[in-house]
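Since the structure comes first, as structure tokens, the remarks are kept for the end.
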Amino acid sequence: MARGGDRPQCAGARQLQEMPSVHYSKVPSGTTPRSYRVHPGSSRLDPVSAVKPTVNLYTIRTQNVGEGNSSQSHSMPANLTPEYKAAEAAFRQAREPKERLACLKDMLRTIPKHKGTDHLQADIKTRIKQLTDELSGPRKGGARGGPTTVVHAEGAAQIALLGPPNAGKSTLHGRLTGSHAQTGPYPFTTQYPQPGMLAHEDIHFQLIDLPPLSSEHPIAWIGNTLQPADACLLVVDLGDAGCVEQVLDIHALLKEKRVTLTARWDEPEAQLQHDDELPDPFAIRLPTLMLANKADQIPALDDELLVFQELTGLRYPVISVSGTSGQGLGQIGPWLFARLGIVRVYTKAPGRPADKDRPFTVRRGQTVYDVAMLVHRDMARSLKYARVWGEGHFTGQQVGREHPVSDGDVLELHA
Ligand SMILES: Nc1nc2c(ncn2[C@@H]2O[C@H](COP(=O)(O)OP(=O)(O)OP(=O)(O)O)[C@@H](O)[C@H]2O)c(=O)[nH]1
Ligand SMILES: [Mg+2]
């Protein structure tokens with residue numbers, strides 16, 4: 001790393017120099033399209049009744065500390081059938097455990113049975129077993145049970161708070177959502193996921209406070225917990241002497257779980273995988289915003305950040321914040337709204353005013369049909385056309401099912 005004469009070193013950088021075993025190469029420039037991720041649904045504002053945001057495909061493209069092929073990637077020709085591909089696509093969209101289980105069973109039924117798919121078959125069977133166990137609930141006698149580790153997604157998007165111990169995740173969660181997440185001046189305070197809702201204008205994002213990720217205390221269930229997440233906030237205390245090592249440790253732990261954090265929030269909605277390659281249906285890819293926390297007590301934060309980025313090779317977008325003073329917290333909601341491409345759509349019945357209180361949310365590029373799906377599956381099936389009020393349309397303009405919606409549109413759906 002080129003370090004200027006008077007440039008301050010971050011605390012993590014100082015510690016790293018004493019740790020020759022830590023890998024801190026810069027981001028390799030090569031990119032390889034490989035797989036993608038789908039999110040279904042969208043949401044009503046109501047945090048209780050809301051369902052998930054809509055189809056959104058993220059393409060796995062780059063590879064560095066944060067972004068790599070999972071350890072279980074498959075590259076052997078697999079001759080996957082259209083039936084298998086359809087089942088896999090449905091699995092990626094499914095958010096509810098029951099639906100996911102049904103899709104997994106379809107995948108197992110339709111996957112070509114030969115040597116090249118052995119690993120994937122085994123993976124699918126393991127997932128089926130895990131989900132079946134999860135769905136069967138606590139065993140008689142209370143042998144299973146305990147706190148929930150997978151939080152049902154609600155609001156416009158589910159955002160996971162990840163980070164090393166003591167970075168201030170729970171303090172931020174409390175400030176942002178009004179939760180009473182337990183905080184403490186010692187590491188490993190948080191033990192289980194805790195949801196909360198972050199308001200932004202007339203929608204909410206669901207923030208999930210999580211236990212710290214650290215190889216000192218690995219969390220077996222974290223891969224499953226992150227399954228419904230749309231994105232992640234990586235909370236880092238740049239004043240912590242161990243932050244570089246801790247963040248690299250987190251990436252290694254996530255990689256084992258086939259979770260990749262990415263700086264890219266604008267992945268194209270396309271599946272760029274080669275037909276003869278066996279995709280990894282269980283890979284999770286989370287667009288990541290880094291929160292450089294405890295800004296109130298780090299005097300040269302920008303310089304610390306530069307050194308951190310240089311040493312880790314990680315180039316996530318960053319907002320500096322303080323969970324204590326509140327600095328920077330107001331930027332998070334608008335940032336997520338813009339970068340997730342959230343589009344709010346209000347519906348109205350013919351001859352009635354629009355319901356302006358409770359928008360449905362979809363993602364940029366989604367259509368009238370996608371909104372109808374959120375209203376009701378039957379409505380989408382029988383949808384003939386819609387009338388739309390909004391920028392770029394004349395009043396009550398008639399549009400077809402495939403018409404893309406824009407933020408603020410009012411829709412009157414006609415079956
Ligand atoms: N100065 C300062 N202290 C903070 C800030 N945020 C959190 N803290 C303190 O840092 C300590 C850890 O905060 P937590 O919110 O419990 O951190 P955490 O990341 O949830 O910790 P774990 O659950 O153990 O991973 C507490 O003593 C907080 O008061 C901040 O922005 N500035
Ligand atoms: Mg905590």
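A note on labels: chains of the structure tokens are A, B, ... as shown, every chain counts residues from 1, and ligands are counted from 1 in their shown order.
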Within-10 Å residues of ligand 1, basis only C-alpha atoms and all ligand atoms, as a count of residues only:
52
Considering only alpha helix (DSSP H) as DSSP defines it on the backbone, what residues of segment 138-202 of chain A qualify? List them as number ranges by chain.
A: 169-177
Go through A:Leu329, A:Ala283, A:Ile250, A:Val244 one by one, measure the shortest atom-to-atom distance of each to Arg92 of chain A using only C-alpha atoms, and give the residue with the smallest value.
A:Ala283
A:Gly242, A:Ile208, A:Glu402, A:Ser136 ranked by distance to ligand 2, top pick (using only C-alpha atoms and all ligand atoms):
A:Ile208
Rank A:Gly196, A:Thr367, A:Asp249, A:Arg315 by their smallest atom-to-atom distance to Pro218 of chain A, using only C-alpha atoms, and report the top residue only.
A:Asp249
Just the residues within 9 Å of Asp357 of chain A, please, counting only C-alpha atoms, with nothing from its chain fewer than 2 positions along; format it as a list of chain:residue names.
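The neighbour list is A:Leu45, A:Asp202, A:Tyr346, A:Ala354, A:Asp355, A:Pro359.
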Selected residue, from A:Leu226, A:Pro193, A:Pro82, A:Ala241, that lies nearest to ligand 2 when counting only C-alpha atoms and all ligand atoms
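With only C-alpha atoms and all ligand atoms as the atom set, the closest residue is A:Pro193.
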